[in-house]
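Below you'll find the structure, written out as structure tokens, and then a few comments.
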Amino acid sequence: MNDVVTESADGERTKSLFSHWVLWESCIVAWKNIYVVLVIGSIFAVVGTFDLYVTALNAQALSNGEAAPLGPVAMTIFWVVRGAVNSILLAVLMYAVHSTVLDDCSSWAVFAGDGKSKLKKLAFRIVTALMVLFLVALLFQVVLALMGFKAGDRIEGGAGVIVMGVATFFAISFGILSVWFITWPASAIWSDNATLRQAFYRGKKVFWYVLGRNVMVLPVMAVLQLVIAAIFLPVVTAVFGAKDQADVASKFFFPGFAFSISALNSVLFVLWFVVLSVIISRALKLGDVRLQNAQA
């Protein structure tokens with residue numbers, strides 16, 4: 001069935017911009033880019049496995065009363081490198097999905113010709129958006145520090161209500177801003193209106209479309225998560241059945257166990273971003289049409 005019908009400037013209905021509901025189109029897009037999805041998912045799983053191993057290494061040392069093998073500086077460098085790798089992987093995945101929806105070009109063919117230069121533009125804007133997310137999280141930590149809280153504090157009573165209120169304010173504000181500017185990265189390549197200001201105007205036109213489609217696919221993703229968790233049930237059971245943090249950490253030293261957990265997360269992560277990229281592509285296309293109609 002059709003997902004959306006746009007309206008012309010005089011209020012008359014025009015032809016549908018999309019042929020399928022967003023979730024079904026996401027399945028089609030994922031299949032058309034199956035090799036890209038598999039490669040990106042595998043790399044995410046490997047990076048995630050290494051991440052779990054490093055985290056477990058520090059956790060086990062601390063549980064034994066020893067100094068962490070990787071100190072704050074080393075961990076900061078590790079997180080920066082991991083963030084850079086993940087940003088590049090996300091850019092590749094989202095570029096393939098955007099190209100399929102907007103240019104009808106799929107898989108590795110999208111990177112031929114000027115595809116690499118377009119990918120760089122998209123990657124730069126994605127990294128910029130992730131940096132903003134990092135700064136927002138850092139700002140939240142600064143606010144908590146100014147309120148007198150530090151890591152490890154147990155927050156209860158009135159203080160807990162205040163912290164919850166601050167966290168809710170940050171979450172809602174950032175969520176609204178994210179929807180308003182969600183088409184900005186892709187607009188660098190697939191829109192004549194590529195500025196941050198135009199992304200804001202476009203985001204206002206498609207705010208409820210983006211929010212509504214994300215809410216509609218959440219139950220499906222939740223069911224998918226349960227199905228995948230059932231497949232990895234022995235691994236999940238081992239984690240939740242662990243005696244303490246040291247027991248959990250020790251399990252992650254087994255490559256197969258750590259990779260299974262990481263693969264579970266990678267499958268959900270990649271599939272979610274395929275769906276999200278399809279929604280963003282549609283929002284970009286729909287937003288430009290609505291802006292044109294509003295100016296007509």
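FYI, nothing fancy with the structure tokens labels: chains A, B, ... in order, residues from 1 per chain, ligands from 1 as they appear.
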Contacts of A:Lys204 within 10 Å, only C-alpha atoms, excl. fewer than 4 positions in-chain, as an mmCIF file with C-alpha atoms, in the first residue's frame:
```
data_model
loop_
_atom_site.group_PDB
_atom_site.id
_atom_site.type_symbol
_atom_site.label_atom_id
_atom_site.label_comp_id
_atom_site.auth_asym_id
_atom_site.auth_seq_id
_atom_site.Cartn_x
_atom_site.Cartn_y
_atom_site.Cartn_z
ATOM 1 C CA ILE A 176 12.863 17.504 18.794
ATOM 2 C CA LEU A 177 16.039 19.103 17.425
ATOM 3 C CA VAL A 179 13.863 15.444 13.986
ATOM 4 C CA TRP A 180 14.045 19.057 12.799
ATOM 5 C CA PHE A 181 17.554 18.597 11.386
ATOM 6 C CA GLN A 198 16.726 24.797 4.969
ATOM 7 C CA ALA A 199 17.039 21.505 6.850
ATOM 8 C CA PHE A 200 15.247 23.173 9.773
ATOM 9 C CA TRP A 208 5.154 14.315 12.412
ATOM 10 C CA TYR A 209 5.956 12.099 9.436
ATOM 11 C CA GLY A 287 10.026 17.815 2.774
ATOM 12 C CA LEU A 291 8.517 23.362 0.778
#
```
Long-range neighbours of A:Val270 as a VMD selection string, 8 Å cut-off, only C-alpha atoms, 3 positions minimum in chain = chain A and resid 37 40 to 41 266 to 267 273 to 274
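Closest approach to A:Leu119 from the set A:Ala186, A:Trp79, A:Ala84, A:Ala137 is made by A:Ala186, with distances taken over only C-alpha atoms.
Residue nearest A:Asp114, chosen from A:Ala56, A:Val81, A:Leu138, A:Ile189 and counting only C-alpha atoms: A:Ile189.
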From atom CA of A:Ile88 to atom CA of A:Phe50 the spacing works out at 17.3 Å
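Closest approach to A:Leu122 from the set A:Leu276, A:Ala96, A:Cys105, A:Ala167 is made by A:Ala96, with distances taken over only C-alpha atoms.
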Between atom CA of A:Ser107 and atom CA of A:Tyr35, what is the spacing in Å?
-> 6.9 Å
Using only C-alpha atoms, pick whichever of A:Leu23, A:Ala129, A:Val136, A:Val85 has the shortest atom-to-atom distance to A:Met221.
-> A:Leu23
Near A:Ile279, within 7 Å and counting only C-alpha atoms, which residues show up once chain neighbours fewer than 3 positions away are dropped, as a PyMOL selection string?
-> chain A and resi 22+210+275-276+282-283
Using the selection just defined, write its residues with N, CA and C atoms as a short mmCIF file (atom, residue, chain, number, x, y, z; two decimals), in the first residue's frame.
```
data_model
loop_
_atom_site.label_atom_id
_atom_site.label_comp_id
_atom_site.auth_asym_id
_atom_site.auth_seq_id
_atom_site.Cartn_x
_atom_site.Cartn_y
_atom_site.Cartn_z
N VAL A 22 6.84 1.99 4.76
CA VAL A 22 8.25 2.19 5.04
C VAL A 22 8.96 0.90 5.48
N VAL A 210 8.23 11.94 10.31
CA VAL A 210 9.41 11.24 10.84
C VAL A 210 9.10 10.60 12.18
N VAL A 275 16.23 1.01 8.39
CA VAL A 275 14.88 1.58 8.49
C VAL A 275 14.95 3.09 8.67
N LEU A 276 15.83 3.54 9.57
CA LEU A 276 15.95 4.98 9.82
C LEU A 276 16.40 5.72 8.57
N ARG A 282 12.93 9.41 2.68
CA ARG A 282 11.56 9.80 2.35
C ARG A 282 11.25 11.19 2.90
N ALA A 283 11.73 11.48 4.11
CA ALA A 283 11.48 12.79 4.71
C ALA A 283 12.14 13.89 3.88
#
```
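In this model, the gap between atom CA of A:Val223 and atom CA of A:Trp272 comes to 12.6 Å.
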